[in-house]
Amino acid sequence: MKILIPILSETENDEAFIDKAVAGAKEVILLLIVDASPKEKFGFTTSFIQKARHIMEEVKKAVGKKRKPCEDILEWGDTMNKIVNIALLRKTDKVCLKAQDNQYFKDLLKRLKDEKIETEVIGSGSETAKESGAK
């Protein structure tokens, strides 16, 4: 199973999130998007590139410890469009997201569902929700 994990916040390097996200994965793609638009706390703006790269490196190391092949991608542009496009172009089986409570995140979930992309939202603790979007 090919999993896409977009790095959307400073919390994706959480060990419990990574464990759940990569369970059953044969290949993991980490996606970091640098978004210059002014969305509050959703994705990374250009001023936080170094911090975002550091978080992605931490996630990549954690995935590597689980002996899963891992590729990291850095993209510039609109966060939502890049996630959808990479998921479709790379033919990922599932997009795993760390839960967030904001309108941008809700819009992303709706868009992924509209595009019929299987999505798993992993919250804090043991909360997990799957959005059906079977391809």
# chains A, B, ... in the order shown; residues from 1 in each chain; ligands from 1
$ residues_around --residues "Lys60 of chain A" --least-positions-apart "6" --cutoff "9 Å" --atoms "only C-alpha atoms" --output "JSON, numbers by chain"
{"A": [13, 30, 70, 71, 72]}
$ residues_around --residues "segment 73-85 of chain A" --least-positions-apart "4" --cutoff "6 Å" --atoms "only C-alpha atoms" --output "PyMOL selection string"
chain A and resi 31-35+89+108
$ residues_around --residues "Ile3 of chain A" --least-positions-apart "3" --cutoff "8 Å" --atoms "only C-alpha atoms" --output "list in words"
Ala21, Val22, Ala25, Lys26, Glu27, Val28, Ile29, Thr92, Asp93, Lys94, Val95 and Cys96 of chain A
$ select_by_dssp --residues "chain A" --states "strand (DSSP E)" --output "JSON, numbers by chain"
{"A": [2, 3, 4, 5, 6, 7, 27, 28, 29, 30, 31, 32, 33, 34, 70, 71, 72, 73, 74, 75, 76, 94, 95, 96, 97, 98, 119, 120, 121, 122, 128, 129, 130, 131]}
$ write_last_selection --atoms "C-alpha atoms" --output "tab-separated table (two decimals), in the first residue's frame"
chain	number	residue	atom	x	y	z
A	2	LYS	CA	1.34	3.44	-0.96
A	3	ILE	CA	0.66	6.12	1.66
A	4	LEU	CA	0.88	9.90	1.25
A	5	ILE	CA	1.54	11.91	4.41
A	6	PRO	CA	1.31	15.67	3.90
A	7	ILE	CA	3.28	17.66	6.49
A	27	GLU	CA	5.86	2.76	0.53
A	28	VAL	CA	5.53	6.17	2.18
A	29	ILE	CA	5.58	9.56	0.44
A	30	LEU	CA	6.07	12.63	2.62
A	31	LEU	CA	4.83	15.85	1.07
A	32	LEU	CA	5.87	19.28	2.28
A	33	ILE	CA	4.14	22.21	0.62
A	34	VAL	CA	5.39	25.77	0.90
A	70	CYS	CA	10.23	6.70	2.19
A	71	GLU	CA	10.40	9.50	-0.36
A	72	ASP	CA	10.16	13.16	0.50
A	73	ILE	CA	8.78	15.79	-1.87
A	74	LEU	CA	8.99	19.56	-1.47
A	75	GLU	CA	6.42	21.50	-3.53
A	76	TRP	CA	5.56	25.19	-3.83
A	94	LYS	CA	-4.41	6.48	0.98
A	95	VAL	CA	-3.71	9.96	2.32
A	96	CYS	CA	-3.01	10.02	6.08
A	97	LEU	CA	-3.58	13.33	7.84
A	98	LYS	CA	-2.97	14.51	11.39
A	119	THR	CA	-8.28	9.46	3.48
A	120	GLU	CA	-7.45	8.56	7.06
A	121	VAL	CA	-7.55	11.27	9.72
A	122	ILE	CA	-5.54	10.39	12.80
A	128	THR	CA	-8.90	7.62	13.91
A	129	ALA	CA	-11.48	8.30	11.23
A	130	LYS	CA	-11.54	7.01	7.67
A	131	GLU	CA	-13.16	8.91	4.87
$ closest_residue --among "A:Ile18, A:Leu8, A:Gly24, A:Arg90" --to "Tyr104 of chain A" --atoms "only C-alpha atoms"
A:Leu8
$ atom_distance --atom1 "atom CA of Ala36 of chain A" --atom2 "atom CA of Glu118 of chain A"
27.0 Å
$ atom_distance --atom1 "atom CA of Val63 of chain A" --atom2 "atom CA of Ile117 of chain A"
22.3 Å
